[in-house]
Amino acid sequence: MKRIALKRITLLAFAALLLAGCLHVENMHAQSPNAGASDFEKPIRDYEKQIVSWEREGDLEIALVIAVIVFGPLISLFQKWTSQWAKVATIVLGLATSIITGINSKAFTADYRALHLAAIDGRAITAQLWPMAGMLSDSHTSDEVRKTTQELYFKKLAEFPAIIARLEANNNPPPTASQNSDGGLFSLPRVYAGSAPTLPAWVQKPPSDDYGLYFVGKAIDTSLAEAKTKSLDDAYNRALRRLKASAPNVSDADILGLIKASAIVQDSAFAYDSNAKGFAYYTLLRLAKEIETIGVKSLRTVAVVPPTVFKRKNWRPGDITFDKNSGLWVLDTDGGGSSLTVDEQHTAHIETPFHLKRPYAGYALTANADSVFVASYSQIGCVVFQYSVPAKKTSQRVMGSQERCTGIATDGSAIYLSMANRKEIRYWNNWAASSSQSWSLPDMDEPGPMVFDDIGHRLIVAGSSGKAYAISIPDGKQQLLASNLGAVTSIAASRFHILLGSGKKVLFLARADNSGENPPANLQLTGGHIVGVAATDKLWFADYDNQLVEGPFPLI
């Protein structure tokens with residue numbers, strides 16, 4: 001009778017183990033997608049499927065732990081029996097215990113406590129997502145409420161990958177909002193004092209999972225605070241370029257607004273770059289994957305306006321500039337200063353309100369809110385012409401006797417000139433200033449085209465040897481940005497890029513780290529010699545060979 005009872009106990013133990021396995025298998029094959037769910041509900045249902053999987057996986061792990069606990073006393077009990085059946089049962093239970101122990105250590109995503117905690121956290125997220133999805137699916141929701149709800153919805157979705165990362169890291173959670181370097185009271189970024197190999201792996205290869213989109217922003221600057229800000233901007237820009245491809249008819253501003261409102265800074269790191277003589281800062285940005293499939297596509301679309309071609313008989317552009325107040329201006333090869341505008345019917349207009357006096361040869365132009373400045377050369381030397389837009393009058397000043405100035409820029413008040421023969425930048429605090437100051441550029445061969453970069457508060461100037469430098473204001477410190485640029489004819493700065501006209505190309509440098517970039521796919525050049533570029537968040541270019549100016553082209 002005792003032997004029969006022991007057999008029954010053993011069979012019950014194995015039956016319990018088999019039942020737990022069946023429940024786990026059932027979980028793996030159940031949970032079909034919910035037909036008819038709205039686009040905003042489907043991600044939540046997918047998350048809930050994952051949560052149920054964690055719960056059942058944790059339950060199975062507990063069942064196996066109980067089985068091991070039960071098998072231990074049975075083995076001890078059977079060892080007291082000398083019958084062949086008891087010996088076989090002892091061996092079988094011992095093997096089962098070893099197998100279950102191996103399964104527990106290798107086959108599960110995490111410890112059952114971590115799995116259940118992940119399920120709890122996941123359900124806290126889905127509980128907040130459901131009412132948001134209801135509001136977004138309701139056609140009666142106002143546009144203002146919809147915009148705010150959508151931003152909160154995608155930010156909450158982006159929290160889910162952190163739970164997955166925590167499980168994969170064996171209960172070592174990634175930095176939370178209070179631990180990251182995105183401005184929390186006690187936040188400090190990771191510090192790496194050595195070289196690039198000491199940086200975290202995501203710097204070279206962003207994480208990848210089924211729930212998130214990851215973007216790594218990089219920036220180099222002598223100021224750690226500036227490097228941090230530029231790094232985040234670079235991450236935003238990379239996200240914008242990715243999402244823009246999914247919604248080409250949505251404005252950049254709307255996409256960027258959604259990104260900033262719903263993104264999470266998952267991690268950050270920096271190291272000192274001895275080659276660049278500045279801090280290299282890295283930011284890991286996380287977005288919910290659904291922002292690409294349903295997020296940007298739910299934003300309002302805008303009409304795509306094709307670029308405008310400015311062209312006139314016997315008119316050949318030599319340089320262009322743009323100011324947000326005075327507009328787009330062109331210096332032509334005959335010394336004419338032209339204002340380019342487009343009316344409501346998208347018709348191009350070229351008006352030429354001033355000309356340089358002969359025998360002055362114009363080299364470059366720049367503009368501020370109320371004036372256009374032209375750097376020119378004659379036998380006298382460097383002469384700058386000012387055209388007052390409100391007064392519609394032209395004045396001139398000799399800025400360098402028997403000297404040649406080939407580039408000009410303004411920060412809105414001060415006037416900067418690149419003096420090619422003297423290898424220096426000369427500047428006046430304003431147009432009426434009687435005296436000038438200068439910065440020597442001994443490492444540059446004949447400084448030429450120049451632009452004031454208001455974001456970086458610096459000048460960017462290119463030399464005849466194909467190198468571009470940044471000149472910080474007000475101290476005049478130099479930083480080499482790039483080499484092998486060819487014969488640069490014009491420079492412009494946008495929010496994310498430095499643009500250089502060179503030969504038949506417009507070269508793109510990433511503002512974040514000065515690395516070369518591919519131009520946007522929508523930028524179709526006309527095949528001639530590019531002599532001018534101007535930019536804000538859009539680009540215009542001047543083609544000398546084809547005698548035209550074309551733009552604007554969106555820049556992302």
# chains A, B, ... in the order shown; residues from 1 in each chain; ligands from 1
call {"tool": "closest_atom_pairs", "arguments": {"of": "stretch 362-464 of chain A", "to": "stretch 350-357 of chain A", "cutoff": "10 Å", "atoms": "only C-alpha atoms", "output": "CSV"}}
result
residue,atom,partner,partner_atom,distance
A:Gly362,CA,A:Leu356,CA,7.5
A:Val374,CA,A:Leu356,CA,8.6
A:Ser376,CA,A:Leu356,CA,8.6
A:Val384,CA,A:Leu356,CA,9.9
A:Phe385,CA,A:Leu356,CA,7.5
A:Gln386,CA,A:Phe354,CA,9.9
A:Tyr387,CA,A:Phe354,CA,7.3
A:Ser388,CA,A:Phe354,CA,9.9
A:Val389,CA,A:Pro353,CA,9.0
A:Lys392,CA,A:Pro353,CA,7.4
A:Lys393,CA,A:Phe354,CA,8.1
A:Thr394,CA,A:Phe354,CA,7.3
A:Ser395,CA,A:Leu356,CA,10.0
A:Gln396,CA,A:Leu356,CA,9.6
call {"tool": "closest_atom_pairs", "arguments": {"of": "stretch 326-356 of chain A", "to": "stretch 542-552 of chain A", "cutoff": "12 Å", "atoms": "only C-alpha atoms", "output": "JSON lines"}}
result
{"residue": "A:Leu328", "atom": "CA", "partner": "A:Val549", "partner_atom": "CA", "distance": 10.4}
{"residue": "A:Trp329", "atom": "CA", "partner": "A:Val549", "partner_atom": "CA", "distance": 10.4}
{"residue": "A:Val330", "atom": "CA", "partner": "A:Ala542", "partner_atom": "CA", "distance": 8.5}
{"residue": "A:Leu331", "atom": "CA", "partner": "A:Ala542", "partner_atom": "CA", "distance": 10.0}
{"residue": "A:Asp332", "atom": "CA", "partner": "A:Tyr544", "partner_atom": "CA", "distance": 9.4}
{"residue": "A:Thr333", "atom": "CA", "partner": "A:Tyr544", "partner_atom": "CA", "distance": 9.2}
{"residue": "A:Ser338", "atom": "CA", "partner": "A:Val549", "partner_atom": "CA", "distance": 11.4}
{"residue": "A:Ser339", "atom": "CA", "partner": "A:Val549", "partner_atom": "CA", "distance": 11.6}
{"residue": "A:Leu340", "atom": "CA", "partner": "A:Val549", "partner_atom": "CA", "distance": 9.1}
{"residue": "A:Thr341", "atom": "CA", "partner": "A:Gly551", "partner_atom": "CA", "distance": 11.0}
{"residue": "A:Val342", "atom": "CA", "partner": "A:Gly551", "partner_atom": "CA", "distance": 10.7}
{"residue": "A:His346", "atom": "CA", "partner": "A:Gly551", "partner_atom": "CA", "distance": 11.8}
{"residue": "A:Ala348", "atom": "CA", "partner": "A:Glu550", "partner_atom": "CA", "distance": 10.1}
{"residue": "A:His349", "atom": "CA", "partner": "A:Val549", "partner_atom": "CA", "distance": 11.5}
{"residue": "A:Ile350", "atom": "CA", "partner": "A:Val549", "partner_atom": "CA", "distance": 10.4}
call {"tool": "write_last_selection", "arguments": {"atoms": "N, CA, C and O atoms", "output": "compact mmCIF listing (two decimals), in the first residue's frame"}}
result
# COMPACT_ATOMS: atom_id res chain seq x y z
N LEU A 328 15.42 87.94 -49.17
CA LEU A 328 16.45 87.31 -50.00
C LEU A 328 17.02 88.32 -50.98
O LEU A 328 16.27 88.98 -51.71
N TRP A 329 18.36 88.42 -50.97
CA TRP A 329 19.04 89.40 -51.82
C TRP A 329 20.12 88.71 -52.66
O TRP A 329 20.74 87.75 -52.23
N VAL A 330 20.33 89.24 -53.86
CA VAL A 330 21.32 88.69 -54.79
C VAL A 330 22.22 89.80 -55.29
O VAL A 330 21.75 90.91 -55.60
N LEU A 331 23.51 89.52 -55.35
CA LEU A 331 24.48 90.39 -56.00
C LEU A 331 24.78 89.78 -57.36
O LEU A 331 25.27 88.65 -57.44
N ASP A 332 24.49 90.51 -58.45
CA ASP A 332 24.76 89.96 -59.78
C ASP A 332 26.13 90.39 -60.26
O ASP A 332 26.79 91.24 -59.66
N THR A 333 26.57 89.81 -61.34
CA THR A 333 27.94 90.03 -61.82
C THR A 333 28.14 91.42 -62.41
O THR A 333 29.28 91.82 -62.64
N SER A 338 19.77 92.87 -56.02
CA SER A 338 18.37 92.55 -56.33
C SER A 338 17.67 91.90 -55.16
O SER A 338 18.25 91.05 -54.46
N SER A 339 16.41 92.30 -54.96
CA SER A 339 15.54 91.67 -53.97
C SER A 339 14.66 90.65 -54.69
O SER A 339 14.02 90.97 -55.70
N LEU A 340 14.64 89.40 -54.15
CA LEU A 340 13.85 88.33 -54.77
C LEU A 340 12.63 88.05 -53.90
O LEU A 340 12.77 87.79 -52.69
N THR A 341 11.45 88.09 -54.50
CA THR A 341 10.21 87.83 -53.77
C THR A 341 9.30 86.94 -54.59
O THR A 341 9.46 86.81 -55.81
N VAL A 342 8.33 86.33 -53.90
CA VAL A 342 7.33 85.48 -54.54
C VAL A 342 5.96 85.95 -54.07
O VAL A 342 5.74 86.11 -52.86
N HIS A 346 2.62 82.52 -56.45
CA HIS A 346 3.92 81.84 -56.58
C HIS A 346 4.68 82.30 -57.83
O HIS A 346 5.44 81.54 -58.42
N ALA A 348 7.59 84.57 -59.42
CA ALA A 348 8.87 85.11 -58.97
C ALA A 348 9.05 86.54 -59.45
O ALA A 348 8.69 86.88 -60.59
N HIS A 349 9.59 87.40 -58.57
CA HIS A 349 9.86 88.80 -58.92
C HIS A 349 11.30 89.14 -58.56
O HIS A 349 11.79 88.81 -57.48
N ILE A 350 11.98 89.80 -59.49
CA ILE A 350 13.34 90.27 -59.27
C ILE A 350 13.34 91.78 -59.41
O ILE A 350 13.06 92.32 -60.49
call {"tool": "select_by_dssp", "arguments": {"residues": "stretch 206-407 of chain A", "states": "alpha helix (DSSP H)", "output": "VMD selection string"}}
result
chain A and resid 224 to 244 252 to 262 290
call {"tool": "select_by_dssp", "arguments": {"residues": "stretch 215-263 of chain A", "states": "strand (DSSP E)", "output": "ChimeraX atom specification"}}
result
/A:215-221
call {"tool": "write_last_selection", "arguments": {"atoms": "N, CA and C atoms", "output": "PDB file, in the first residue's frame"}}
result
ATOM      1  N   PHE A 215      17.667  57.146 -31.310  1.00  0.00           N
ATOM      2  CA  PHE A 215      18.504  58.052 -32.087  1.00  0.00           C
ATOM      3  C   PHE A 215      19.620  58.580 -31.198  1.00  0.00           C
ATOM      4  N   VAL A 216      20.833  58.573 -31.743  1.00  0.00           N
ATOM      5  CA  VAL A 216      21.999  59.042 -30.997  1.00  0.00           C
ATOM      6  C   VAL A 216      22.439  60.382 -31.575  1.00  0.00           C
ATOM      7  N   GLY A 217      22.368  61.411 -30.737  1.00  0.00           N
ATOM      8  CA  GLY A 217      22.859  62.719 -31.130  1.00  0.00           C
ATOM      9  C   GLY A 217      24.271  62.930 -30.629  1.00  0.00           C
ATOM     10  N   LYS A 218      25.075  63.597 -31.447  1.00  0.00           N
ATOM     11  CA  LYS A 218      26.462  63.839 -31.082  1.00  0.00           C
ATOM     12  C   LYS A 218      26.807  65.298 -31.347  1.00  0.00           C
ATOM     13  N   ALA A 219      27.588  65.877 -30.460  1.00  0.00           N
ATOM     14  CA  ALA A 219      28.057  67.243 -30.660  1.00  0.00           C
ATOM     15  C   ALA A 219      29.422  67.412 -30.017  1.00  0.00           C
ATOM     16  N   ILE A 220      30.224  68.273 -30.620  1.00  0.00           N
ATOM     17  CA  ILE A 220      31.550  68.592 -30.085  1.00  0.00           C
ATOM     18  C   ILE A 220      31.632  70.090 -29.894  1.00  0.00           C
ATOM     19  N   ASP A 221      32.034  70.506 -28.703  1.00  0.00           N
ATOM     20  CA  ASP A 221      32.152  71.937 -28.417  1.00  0.00           C
ATOM     21  C   ASP A 221      33.132  72.114 -27.260  1.00  0.00           C
TER      22      ASP A 221
END
call {"tool": "closest_residue", "arguments": {"among": "A:Asp39, A:Val309, A:Gln150, A:Ile163", "to": "A:Ile51", "atoms": "only C-alpha atoms"}}
result
A:Ile163
call {"tool": "closest_atom_pairs", "arguments": {"of": "stretch 307-411 of chain A", "to": "stretch 416-421 of chain A", "cutoff": "7 Å", "atoms": "only C-alpha atoms", "output": "JSON lines"}}
result
{"residue": "A:Arg404", "atom": "CA", "partner": "A:Met419", "partner_atom": "CA", "distance": 5.9}
{"residue": "A:Cys405", "atom": "CA", "partner": "A:Met419", "partner_atom": "CA", "distance": 4.6}
{"residue": "A:Thr406", "atom": "CA", "partner": "A:Ser418", "partner_atom": "CA", "distance": 5.9}
{"residue": "A:Gly407", "atom": "CA", "partner": "A:Ser418", "partner_atom": "CA", "distance": 5.0}
{"residue": "A:Ile408", "atom": "CA", "partner": "A:Leu417", "partner_atom": "CA", "distance": 4.6}
{"residue": "A:Ala409", "atom": "CA", "partner": "A:Tyr416", "partner_atom": "CA", "distance": 5.2}
{"residue": "A:Thr410", "atom": "CA", "partner": "A:Tyr416", "partner_atom": "CA", "distance": 6.0}
call {"tool": "write_last_selection", "arguments": {"atoms": "N, CA and C atoms", "output": "compact mmCIF listing (two decimals), in the first residue's frame"}}
result
# COMPACT_ATOMS: atom_id res chain seq x y z
N ARG A 404 42.42 93.90 -50.29
CA ARG A 404 41.33 93.18 -50.96
C ARG A 404 40.48 92.45 -49.92
N CYS A 405 39.17 92.70 -49.93
CA CYS A 405 38.24 92.00 -49.05
C CYS A 405 37.35 91.10 -49.90
N THR A 406 37.27 89.84 -49.51
CA THR A 406 36.58 88.86 -50.35
C THR A 406 35.37 88.22 -49.68
N GLY A 407 35.14 88.49 -48.41
CA GLY A 407 33.98 87.95 -47.72
C GLY A 407 33.43 88.97 -46.74
N ILE A 408 32.11 88.94 -46.51
CA ILE A 408 31.48 89.90 -45.62
C ILE A 408 30.36 89.22 -44.85
N ALA A 409 30.18 89.63 -43.59
CA ALA A 409 29.11 89.08 -42.75
C ALA A 409 28.70 90.14 -41.74
N THR A 410 27.49 90.01 -41.21
CA THR A 410 27.02 90.89 -40.16
C THR A 410 26.23 90.09 -39.14
call {"tool": "closest_residue", "arguments": {"among": "A:Gly466, A:Pro359, A:Pro554, A:Gly212", "to": "A:Leu287", "atoms": "only C-alpha atoms"}}
result
A:Gly212
call {"tool": "decode", "arguments": {"residues": "stretch 412-428 of chain A", "atoms": "all heavy atoms", "output": "compact mmCIF listing (two decimals), in the first residue's frame"}}
result
# COMPACT_ATOMS: atom_id res chain seq x y z
N GLY A 412 24.00 91.61 -37.37
CA GLY A 412 22.87 92.49 -37.16
C GLY A 412 23.30 93.91 -36.87
O GLY A 412 22.58 94.87 -37.12
N SER A 413 24.53 94.02 -36.36
CA SER A 413 25.09 95.34 -36.06
C SER A 413 26.52 95.45 -36.57
O SER A 413 26.82 96.28 -37.42
CB SER A 413 25.04 95.59 -34.55
OG SER A 413 25.61 96.84 -34.24
N ALA A 414 27.41 94.59 -36.06
CA ALA A 414 28.81 94.64 -36.46
C ALA A 414 28.98 94.18 -37.91
O ALA A 414 28.23 93.34 -38.41
CB ALA A 414 29.65 93.79 -35.53
N ILE A 415 30.02 94.72 -38.56
CA ILE A 415 30.36 94.35 -39.93
C ILE A 415 31.71 93.64 -39.90
O ILE A 415 32.69 94.15 -39.35
CB ILE A 415 30.48 95.59 -40.85
CG1 ILE A 415 29.23 96.47 -40.72
CG2 ILE A 415 30.71 95.16 -42.29
CD1 ILE A 415 27.96 95.80 -41.17
N TYR A 416 31.79 92.43 -40.49
CA TYR A 416 33.00 91.63 -40.51
C TYR A 416 33.46 91.45 -41.96
O TYR A 416 32.65 91.15 -42.84
CB TYR A 416 32.76 90.25 -39.89
CG TYR A 416 32.24 90.29 -38.48
CD1 TYR A 416 30.87 90.33 -38.23
CD2 TYR A 416 33.11 90.28 -37.39
CE1 TYR A 416 30.38 90.36 -36.93
CE2 TYR A 416 32.64 90.32 -36.09
CZ TYR A 416 31.26 90.36 -35.87
OH TYR A 416 30.78 90.39 -34.59
N LEU A 417 34.76 91.61 -42.19
CA LEU A 417 35.33 91.45 -43.52
C LEU A 417 36.51 90.49 -43.45
O LEU A 417 37.32 90.55 -42.52
CB LEU A 417 35.83 92.79 -44.07
CG LEU A 417 34.76 93.83 -44.46
CD1 LEU A 417 35.42 95.16 -44.75
CD2 LEU A 417 33.97 93.35 -45.67
N SER A 418 36.60 89.61 -44.44
CA SER A 418 37.79 88.75 -44.55
C SER A 418 38.76 89.44 -45.50
O SER A 418 38.44 89.70 -46.66
CB SER A 418 37.40 87.36 -45.07
OG SER A 418 36.69 87.44 -46.28
N MET A 419 39.94 89.74 -44.97
CA MET A 419 40.97 90.44 -45.74
C MET A 419 41.95 89.40 -46.26
O MET A 419 42.79 88.87 -45.51
CB MET A 419 41.68 91.47 -44.86
CG MET A 419 40.73 92.37 -44.05
SD MET A 419 39.57 93.32 -45.06
CE MET A 419 40.67 94.49 -45.86
N ALA A 420 41.82 89.06 -47.52
CA ALA A 420 42.53 87.92 -48.09
C ALA A 420 44.05 88.07 -47.98
O ALA A 420 44.74 87.14 -47.54
CB ALA A 420 42.12 87.73 -49.55
N ASN A 421 44.59 89.21 -48.38
CA ASN A 421 46.03 89.36 -48.40
C ASN A 421 46.62 89.48 -47.00
O ASN A 421 47.76 89.09 -46.76
CB ASN A 421 46.42 90.59 -49.22
CG ASN A 421 46.03 90.45 -50.67
OD1 ASN A 421 45.84 89.34 -51.16
ND2 ASN A 421 45.88 91.57 -51.36
N ARG A 422 45.88 90.00 -46.06
CA ARG A 422 46.37 90.20 -44.71
C ARG A 422 46.14 88.99 -43.81
O ARG A 422 46.61 88.97 -42.67
CB ARG A 422 45.69 91.43 -44.09
CG ARG A 422 45.99 92.74 -44.78
CD ARG A 422 47.45 93.13 -44.59
NE ARG A 422 47.72 93.40 -43.19
CZ ARG A 422 47.65 94.61 -42.66
NH1 ARG A 422 47.36 95.67 -43.41
NH2 ARG A 422 47.91 94.80 -41.38
N LYS A 423 45.40 88.00 -44.28
CA LYS A 423 45.06 86.82 -43.49
C LYS A 423 44.46 87.20 -42.14
O LYS A 423 44.94 86.81 -41.07
CB LYS A 423 46.31 85.93 -43.26
CG LYS A 423 46.82 85.24 -44.50
CD LYS A 423 47.91 84.25 -44.14
CE LYS A 423 48.40 83.50 -45.37
NZ LYS A 423 49.41 82.47 -45.02
N GLU A 424 43.39 87.97 -42.21
CA GLU A 424 42.76 88.41 -40.98
C GLU A 424 41.27 88.68 -41.21
O GLU A 424 40.82 88.85 -42.35
CB GLU A 424 43.43 89.67 -40.44
CG GLU A 424 43.22 90.91 -41.28
CD GLU A 424 43.87 92.15 -40.68
OE1 GLU A 424 44.86 92.00 -39.94
OE2 GLU A 424 43.38 93.27 -40.96
N ILE A 425 40.54 88.70 -40.09
CA ILE A 425 39.15 89.16 -40.09
C ILE A 425 39.15 90.54 -39.45
O ILE A 425 39.63 90.72 -38.33
CB ILE A 425 38.23 88.22 -39.26
CG1 ILE A 425 38.25 86.81 -39.83
CG2 ILE A 425 36.81 88.79 -39.22
CD1 ILE A 425 37.65 86.67 -41.19
N ARG A 426 38.66 91.54 -40.18
CA ARG A 426 38.58 92.89 -39.66
C ARG A 426 37.12 93.23 -39.41
O ARG A 426 36.24 92.88 -40.21
CB ARG A 426 39.19 93.86 -40.67
CG ARG A 426 39.41 95.27 -40.14
CD ARG A 426 40.17 96.09 -41.17
NE ARG A 426 41.48 95.50 -41.48
CZ ARG A 426 42.26 95.92 -42.47
NH1 ARG A 426 41.87 96.92 -43.26
NH2 ARG A 426 43.43 95.33 -42.68
N TYR A 427 36.84 93.92 -38.30
CA TYR A 427 35.44 94.19 -38.00
C TYR A 427 35.24 95.56 -37.36
O TYR A 427 36.13 96.11 -36.70
CB TYR A 427 34.84 93.10 -37.11
CG TYR A 427 35.43 92.98 -35.72
CD1 TYR A 427 34.82 93.59 -34.62
CD2 TYR A 427 36.59 92.26 -35.49
CE1 TYR A 427 35.35 93.49 -33.34
CE2 TYR A 427 37.13 92.13 -34.22
CZ TYR A 427 36.51 92.75 -33.15
OH TYR A 427 37.04 92.64 -31.90
N TRP A 428 34.02 96.08 -37.59
CA TRP A 428 33.57 97.35 -37.05
C TRP A 428 32.31 97.06 -36.23
O TRP A 428 31.45 96.28 -36.64
CB TRP A 428 33.22 98.34 -38.16
CG TRP A 428 34.40 98.82 -38.95
CD1 TRP A 428 34.99 100.04 -38.86
CD2 TRP A 428 35.14 98.10 -39.94
NE1 TRP A 428 36.05 100.14 -39.73
CE2 TRP A 428 36.17 98.95 -40.42
CE3 TRP A 428 35.04 96.81 -40.49
CZ2 TRP A 428 37.07 98.56 -41.39
CZ3 TRP A 428 35.94 96.42 -41.46
CH2 TRP A 428 36.94 97.29 -41.89
